[in-house]
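Chemist: One file: start.tsv (TSV, C-alpha atoms).
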chain	number	residue	atom	x	y	z
I	1	MET	CA	104.36	68.84	103.01
I	2	LYS	CA	102.00	71.77	102.55
I	3	GLN	CA	100.96	74.70	104.66
I	4	PRO	CA	99.91	74.92	107.44
I	5	GLU	CA	101.60	71.59	108.29
I	6	LEU	CA	104.97	72.92	107.16
I	7	GLY	CA	104.72	75.95	109.42
I	8	ARG	CA	103.76	73.82	112.40
I	9	LYS	CA	106.68	71.47	111.68
I	10	ILE	CA	109.18	74.33	111.61
I	11	SER	CA	107.70	75.81	114.78
I	12	GLU	CA	107.91	72.44	116.57
I	13	LEU	CA	111.53	71.91	115.49
I	14	ARG	CA	112.50	75.42	116.54
I	15	LYS	CA	110.93	75.05	119.96
I	16	ALA	CA	112.48	71.59	120.40
I	17	LYS	CA	115.88	73.18	119.80
I	18	GLY	CA	115.04	75.87	122.35
I	19	LEU	CA	115.38	78.65	119.78
I	20	THR	CA	113.41	81.86	119.55
I	21	GLN	CA	112.37	83.18	116.16
I	22	GLU	CA	115.06	85.87	116.49
I	23	GLU	CA	117.72	83.24	117.14
I	24	LEU	CA	116.56	81.19	114.15
I	25	VAL	CA	116.80	84.33	112.02
I	26	GLU	CA	120.49	84.63	112.87
I	27	LYS	CA	121.14	81.02	111.87
I	28	CYS	CA	119.45	81.07	108.44
I	29	ASN	CA	119.76	84.72	107.30
I	30	LEU	CA	116.02	85.41	106.99
I	31	ASN	CA	113.99	88.09	108.72
I	32	VAL	CA	111.67	87.64	111.67
I	33	ARG	CA	108.55	88.64	109.74
I	34	THR	CA	109.23	85.95	107.13
I	35	ILE	CA	109.59	83.22	109.76
I	36	GLN	CA	106.48	84.44	111.58
I	37	ARG	CA	104.40	84.18	108.40
I	38	ILE	CA	105.85	80.78	107.46
I	39	GLU	CA	105.14	79.34	110.90
I	40	ALA	CA	101.63	80.85	110.85
I	41	GLY	CA	100.98	79.16	107.49
I	42	GLU	CA	100.36	82.47	105.75
I	43	VAL	CA	102.91	81.85	102.97
I	44	THR	CA	104.46	78.82	101.32
I	45	PRO	CA	108.24	79.33	101.10
I	46	ARG	CA	110.41	78.21	98.21
I	47	SER	CA	112.39	74.99	98.53
I	48	TYR	CA	115.73	76.72	99.13
I	49	THR	CA	114.19	78.69	102.01
I	50	VAL	CA	112.82	75.47	103.52
I	51	LYS	CA	116.22	73.84	103.08
I	52	ALA	CA	117.93	76.74	104.86
I	53	LEU	CA	115.46	76.53	107.74
I	54	PHE	CA	115.82	72.78	108.18
I	55	GLU	CA	119.61	72.97	107.97
I	56	ALA	CA	119.55	75.61	110.70
I	57	LEU	CA	117.33	73.29	112.75
I	58	ASP	CA	119.53	70.20	112.01
I	59	PHE	CA	116.62	68.40	110.39
I	60	GLN	CA	117.89	65.89	107.82
I	61	ASP	CA	114.75	64.72	105.98
I	62	SER	CA	114.01	67.90	104.06
I	63	ASN	CA	114.37	66.29	100.61
I	64	ASP	CA	110.96	64.64	100.82
I	65	LEU	CA	108.97	67.71	101.80
I	66	GLY	CA	107.07	67.91	98.54
I	67	ILE	CA	107.10	71.70	98.47
I	68	SER	CA	105.34	72.97	95.38
I	69	GLN	CA	107.59	74.86	92.96
I	70	GLU	CA	104.66	76.49	91.18
I	71	LYS	CA	104.95	80.23	90.95
I	72	PRO	CA	102.22	82.16	92.75
I	73	LYS	CA	99.53	83.53	90.49
I	74	THR	CA	98.25	87.07	90.57
I	75	PRO	CA	94.72	87.06	92.08
I	76	GLY	CA	92.13	88.26	89.58
I	77	PHE	CA	90.82	90.69	92.18
I	78	ILE	CA	94.00	92.76	91.86
I	79	TYR	CA	93.35	93.31	88.16
I	80	ALA	CA	89.76	94.23	89.01
I	81	ALA	CA	91.14	96.72	91.55
I	82	ILE	CA	93.35	98.26	88.86
I	83	GLY	CA	90.30	98.70	86.63
I	84	ALA	CA	88.38	100.22	89.54
I	85	GLY	CA	91.26	102.60	90.17
I	86	LEU	CA	91.12	103.80	86.56
I	87	VAL	CA	87.35	104.30	86.83
I	88	TYR	CA	87.82	106.33	90.00
I	89	PHE	CA	90.64	108.38	88.48
I	90	PHE	CA	88.58	109.59	85.52
I	91	LEU	CA	85.32	110.02	87.45
I	92	SER	CA	87.09	112.07	90.11
I	93	PHE	CA	87.69	114.89	87.61
I	94	PHE	CA	83.95	115.16	86.96
I	95	GLU	CA	83.23	114.83	90.67
I	96	ILE	CA	85.58	117.67	91.65
I	97	GLY	CA	84.26	119.99	88.95
I	98	ILE	CA	80.61	119.37	89.76
I	99	GLU	CA	81.21	119.65	93.50
I	100	GLU	CA	82.76	123.09	93.00
I	101	GLU	CA	79.64	124.15	91.11
I	102	TYR	CA	77.41	122.90	93.93
I	103	LEU	CA	79.47	124.83	96.46
I	104	SER	CA	78.95	128.01	94.45
I	105	GLY	CA	75.21	127.37	94.23
I	106	ASN	CA	75.19	126.36	90.56
I	107	GLU	CA	73.59	122.91	90.19
I	108	SER	CA	73.97	122.43	86.46
I	109	VAL	CA	73.99	118.62	86.91
I	110	SER	CA	71.00	116.91	88.49
I	111	ARG	CA	71.40	115.51	91.97
I	112	ASN	CA	70.58	111.99	90.79
I	113	ALA	CA	73.25	112.17	88.07
I	114	PHE	CA	75.78	113.54	90.56
I	115	SER	CA	74.85	110.77	92.99
I	116	LEU	CA	75.70	108.18	90.32
I	117	ILE	CA	79.06	109.82	89.72
I	118	LYS	CA	79.69	109.76	93.47
I	119	VAL	CA	78.79	106.06	93.63
I	120	GLY	CA	81.20	105.22	90.81
I	121	SER	CA	83.98	107.38	92.22
I	122	TYR	CA	83.77	106.21	95.82
I	123	LEU	CA	83.25	102.54	95.04
I	124	GLY	CA	86.03	102.63	92.46
I	125	TYR	CA	88.44	104.07	95.01
I	126	ILE	CA	87.40	101.64	97.74
I	127	LEU	CA	87.97	98.67	95.42
I	128	PHE	CA	91.32	100.14	94.41
I	129	MET	CA	92.31	100.37	98.07
I	130	LEU	CA	91.18	96.78	98.65
I	131	GLY	CA	93.57	95.82	95.87
I	132	TRP	CA	96.41	97.13	98.05
I	133	ILE	CA	95.15	95.02	100.93
I	134	ARG	CA	95.34	91.97	98.66
I	135	LEU	CA	98.81	92.93	97.43
I	136	GLU	CA	100.00	93.36	101.01
I	137	GLN	CA	99.79	89.59	101.35
I	138	PHE	CA	102.59	89.35	98.79
I	139	TYR	CA	104.49	92.55	99.60
I	140	SER	CA	104.16	93.06	103.33
I	141	ASN	CA	103.87	96.68	104.47
I	142	SER	CA	102.12	97.23	107.79
I	143	ILE	CA	102.09	101.04	107.57
I	144	LEU	CA	100.50	100.99	104.13
I	145	LYS	CA	97.94	98.46	105.34
I	146	ILE	CA	96.92	100.75	108.21
I	147	GLY	CA	96.72	103.73	105.86
I	148	VAL	CA	94.62	101.82	103.35
I	149	TRP	CA	92.10	100.64	105.96
I	150	LEU	CA	91.81	104.16	107.36
I	151	MET	CA	91.26	105.52	103.86
I	152	ILE	CA	88.59	102.88	103.16
I	153	GLY	CA	86.81	103.81	106.38
I	154	ALA	CA	86.94	107.53	105.53
I	155	ASN	CA	85.57	106.87	102.05
I	156	VAL	CA	82.66	104.83	103.39
I	157	ILE	CA	81.74	107.56	105.90
I	158	TRP	CA	82.00	110.48	103.47
I	159	PHE	CA	80.22	108.50	100.75
I	160	LEU	CA	77.21	108.19	103.04
I	161	VAL	CA	77.44	111.87	104.03
I	162	ASP	CA	77.67	113.00	100.39
I	163	LEU	CA	74.67	110.91	99.38
I	164	THR	CA	72.72	112.29	102.33
I	165	ALA	CA	73.49	115.82	101.13
I	166	LEU	CA	72.45	114.98	97.57
I	167	GLN	CA	69.30	113.04	98.31
I	168	THR	CA	67.90	114.97	101.27
I	169	ASP	CA	67.67	118.55	102.53
I	170	PHE	CA	69.30	117.59	105.81
I	171	LEU	CA	72.81	118.65	104.73
I	172	GLU	CA	74.50	120.94	102.22
I	173	PHE	CA	77.99	120.44	100.83
I	174	LYS	CA	79.22	123.70	102.31
I	175	ASP	CA	78.26	122.44	105.79
I	176	PHE	CA	80.97	119.77	105.84
I	177	PHE	CA	83.14	120.25	102.75
I	178	TRP	CA	86.26	121.56	104.50
I	179	VAL	CA	86.01	119.00	107.27
I	180	LYS	CA	85.91	116.29	104.61
I	181	ILE	CA	88.88	117.75	102.74
I	182	SER	CA	90.98	118.02	105.92
I	183	SER	CA	90.15	114.47	107.01
I	184	PHE	CA	91.13	113.08	103.61
I	185	GLY	CA	94.36	115.07	103.84
I	186	PHE	CA	95.22	113.39	107.14
I	187	PHE	CA	94.62	109.90	105.75
I	188	TYR	CA	96.47	110.65	102.49
I	189	ALA	CA	99.47	111.62	104.61
I	190	ILE	CA	99.41	108.24	106.37
I	191	LEU	CA	98.98	106.50	103.02
I	192	GLY	CA	101.98	108.39	101.68
I	193	MET	CA	104.13	107.19	104.57
I	194	GLY	CA	103.05	103.66	103.75
I	195	PHE	CA	104.27	103.91	100.16
I	196	ILE	CA	107.55	105.42	101.38
I	197	GLY	CA	107.92	102.25	103.44
I	198	TYR	CA	108.43	100.26	100.22
I	199	LYS	CA	111.79	101.98	99.63
I	200	LYS	CA	113.64	99.02	101.17
I	201	GLN	CA	112.09	96.52	98.77
I	202	PHE	CA	112.00	98.35	95.46
I	203	THR	CA	113.51	101.22	93.54
I	204	SER	CA	112.89	104.87	94.35
I	205	ILE	CA	109.54	104.87	92.47
I	206	PRO	CA	107.36	103.94	95.50
I	207	MET	CA	109.20	106.56	97.56
I	208	ILE	CA	108.42	109.25	94.97
I	209	ILE	CA	104.78	108.15	94.97
I	210	GLY	CA	104.75	108.23	98.76
I	211	VAL	CA	106.27	111.71	98.94
I	212	LEU	CA	103.76	113.07	96.41
I	213	THR	CA	100.88	111.48	98.35
I	214	LEU	CA	102.25	112.88	101.61
I	215	ILE	CA	102.61	116.40	100.17
I	216	ALA	CA	99.06	116.24	98.77
I	217	GLY	CA	97.81	115.12	102.17
I	218	ILE	CA	99.52	118.00	103.94
I	219	PHE	CA	98.06	120.52	101.48
I	220	LEU	CA	94.57	119.05	101.86
I	221	PHE	CA	94.80	118.92	105.63
I	222	SER	CA	95.82	122.56	105.78
I	223	GLY	CA	92.68	123.57	103.89
I	224	PHE	CA	94.13	126.63	102.18
I	225	GLY	CA	96.33	124.44	99.96
I	226	ALA	CA	93.52	122.21	98.69
I	227	ILE	CA	93.79	123.46	95.10
I	228	LEU	CA	97.57	123.06	95.10
I	229	ALA	CA	97.09	119.49	96.35
I	230	LEU	CA	95.49	118.47	93.05
I	231	ILE	CA	98.83	118.50	91.23
I	232	PRO	CA	100.82	116.14	93.49
I	233	LEU	CA	97.70	114.06	94.17
I	234	THR	CA	97.03	113.49	90.47
I	235	LEU	CA	100.66	112.46	89.88
I	236	ALA	CA	100.60	110.25	92.98
I	237	GLU	CA	97.44	108.43	91.95
I	238	ILE	CA	98.78	107.82	88.45
I	239	GLY	CA	101.88	106.41	90.12
I	240	GLN	CA	99.83	104.25	92.49
I	241	ILE	CA	97.93	102.68	89.59
I	242	GLY	CA	101.19	102.10	87.72
I	243	LEU	CA	102.83	100.60	90.80
I	244	MET	CA	99.91	98.23	91.35
I	245	ILE	CA	100.19	97.06	87.73
I	246	TYR	CA	103.93	96.49	88.18
I	247	LEU	CA	103.55	94.59	91.44
I	248	ALA	CA	100.71	92.47	90.06
I	249	GLN	CA	102.90	91.43	87.14
I	250	ALA	CA	105.87	90.82	89.44
I	251	ILE	CA	104.00	88.19	91.45
I	252	GLY	CA	105.39	84.86	90.35
I	253	ARG	CA	108.62	86.34	89.01
I	254	THR	CA	109.94	87.17	92.48
I	255	SER	CA	110.44	84.80	95.37
I	256	PRO	CA	107.61	85.21	97.89
I	257	ASP	CA	110.18	85.09	100.67
I	258	SER	CA	111.75	88.32	99.40
I	259	MET	CA	108.37	90.05	99.49
I	260	LEU	CA	108.14	90.05	103.26
I	261	ALA	CA	110.91	92.38	104.31
I	262	ILE	CA	108.78	95.17	105.79
Spit out the file's structure as structure tokens when you get a sec.

Modeler:
Amino acid sequence: MKQPELGRKISELRKAKGLTQEELVEKCNLNVRTIQRIEAGEVTPRSYTVKALFEALDFQDSNDLGISQEKPKTPGFIYAAIGAGLVYFFLSFFEIGIEEEYLSGNESVSRNAFSLIKVGSYLGYILFMLGWIRLEQFYSNSILKIGVWLMIGANVIWFLVDLTALQTDFLEFKDFFWVKISSFGFFYAILGMGFIGYKKQFTSIPMIIGVLTLIAGIFLFSGFGAILALIPLTLAEIGQIGLMIYLAQAIGRTSPDSMLAI
């Protein structure tokens, strides 16, 4: 039996027994989020998880379920997101340096060339963030998901504003620079809290990354600490890329059911 039929079967059996998802959790030692995703057909559980569920539901024909034992494969998009994150990371150094020159009135790099750097930097970061959205399907983290979507939205908006400033005379960087910095600080803080949320599933590494991202966000949001923010932000983004590589490789080595704790 495959998803979503398996999820519907479990849901039907649970309701026939008059059990809530919370009551089923107590009988089979899983968590509510795992059962919710299994019943919704979002994940295919391992055979021992299915066996535990059917035993809790007193269903005796679980040996012929035909649950696939193939390990999940890492989606290629995640590796593309890692590459995009590296592109963003290196381009961001050029972007920051050139933007400082523009703010001081020194346009040593042409606006078209700077626009291309902006395109590569913003798109690279957006793709990197989308990689976290894809990973969230394997390692559930609702706070991180919210932070990532907010960050994607902020990047799209400021990407359009930056290009408007570079390609027209309607705006200048100094007109909105500090508003942009503060807004990114706010969203980095939320993103940091999302990474801290992984502390229950993994070692202290995601928590360190989250704290660094949170500190960088606070510095950026304050405005006066924007330069200081570059140190924790650089370390945090190196850590984020490394963590994505680790999690991408871990897919298939870890039971999907253990990836849904948050």

Chemist: Would you mind listing what lies within 8 Å of I:Phe173 as a compact mmCIF listing (two decimals) with C-alpha atoms, in the frame of the given file, with all atoms listed in the file counted and same-chain residues fewer than 5 positions away left out?

Modeler:
# COMPACT_ATOMS: atom_id res chain seq x y z
CA TYR I 102 77.41 122.90 93.93
CA LEU I 103 79.47 124.83 96.46
CA ASP I 162 77.67 113.00 100.39
CA ALA I 165 73.49 115.82 101.13

Chemist: Which is closer to I:Glu136 than all the others in I:Leu86, I:Met193, I:Ile10, I:Ile251, using all atoms listed in the file?

Modeler: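 Smallest distance to I:Glu136 is found for I:Ile251.
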
Chemist: For I:Val156, which residue among I:Lys118, I:Lys174, I:Arg8, I:Lys17 is the nearest when counting only C-alpha atoms?

Modeler: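 Selected residue with least distance to I:Val156: I:Lys118.
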
Chemist: Counting only C-alpha atoms, what is within 8 Å of stretch 237-249 of chain I, bar same-chain residues fewer than 6 positions away, as a list in words?

Modeler: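 Result of the neighbour search: Thr74, Ile78, Tyr79, Ile82, Gly85, Leu86, Phe89, Trp132, Leu135, Pro206, Ile209 and Thr213 of chain I.
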
Chemist: Between atom CA of I:Lys15 and atom CA of I:Leu53, measure the distance and give it in Å to one decimal.

Modeler: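 Result for atom CA of I:Lys15 versus atom CA of I:Leu53: 13.1 Å, one decimal.
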
Chemist: Counting all atoms listed in the file, figure out which residue out of I:Lys2, I:Tyr198, I:Pro45, I:Phe187 gets nearest to I:Gly147.

Modeler: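 Counting all atoms listed in the file, the residue closest to I:Gly147 is I:Phe187.
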
Chemist: Go ahead and compute the interatomic distance for atom CA of I:Gly192 and atom CA of I:Ile143, in Å to one decimal.

Modeler: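 Separation of atom CA of I:Gly192 and atom CA of I:Ile143: 9.4 Å.
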
Chemist: Would you please work out which residue, of I:Leu6, I:Ile208, I:Leu235, I:Ile126, is nearest to I:Thr44 when using all atoms listed in the file?

Modeler: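 Under the stated criterion, the closest residue is I:Leu6.
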
Chemist: Figure out the distance between atom CA of I:Phe184 and atom CA of I:Asp169, please, to one decimal in Å.

Modeler: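 Between these atoms lies a distance of 24.1 Å.
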
Chemist: Which residues are close to stretch 23-40 of chain I, i.e. within 8 Å by all atoms listed in the file, leaving aside same-chain residues fewer than 2 positions away? Reply as number ranges by chain.

Modeler: I: 4, 6-8, 10-11, 14, 19-21, 42-45, 52-53, 56, 257, 260-262

Chemist: Report as a list of chain:residue names all protein, DNA and RNA residues lying within 12 Å of I:Gly120, evaluated on only C-alpha atoms, omitting residues in the same chain fewer than 2 positions from it.

Modeler: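 Here the qualifying residues turn out to be I:Gly83, I:Ala84, I:Gly85, I:Leu86, I:Val87, I:Tyr88, I:Phe89, I:Phe90, I:Leu91, I:Ser92, I:Phe94, I:Glu95, I:Ala113, I:Phe114, I:Ser115, I:Leu116, I:Ile117, I:Lys118, I:Tyr122, I:Leu123, I:Gly124, I:Tyr125, I:Ile126, I:Leu127, I:Phe128, I:Phe159.
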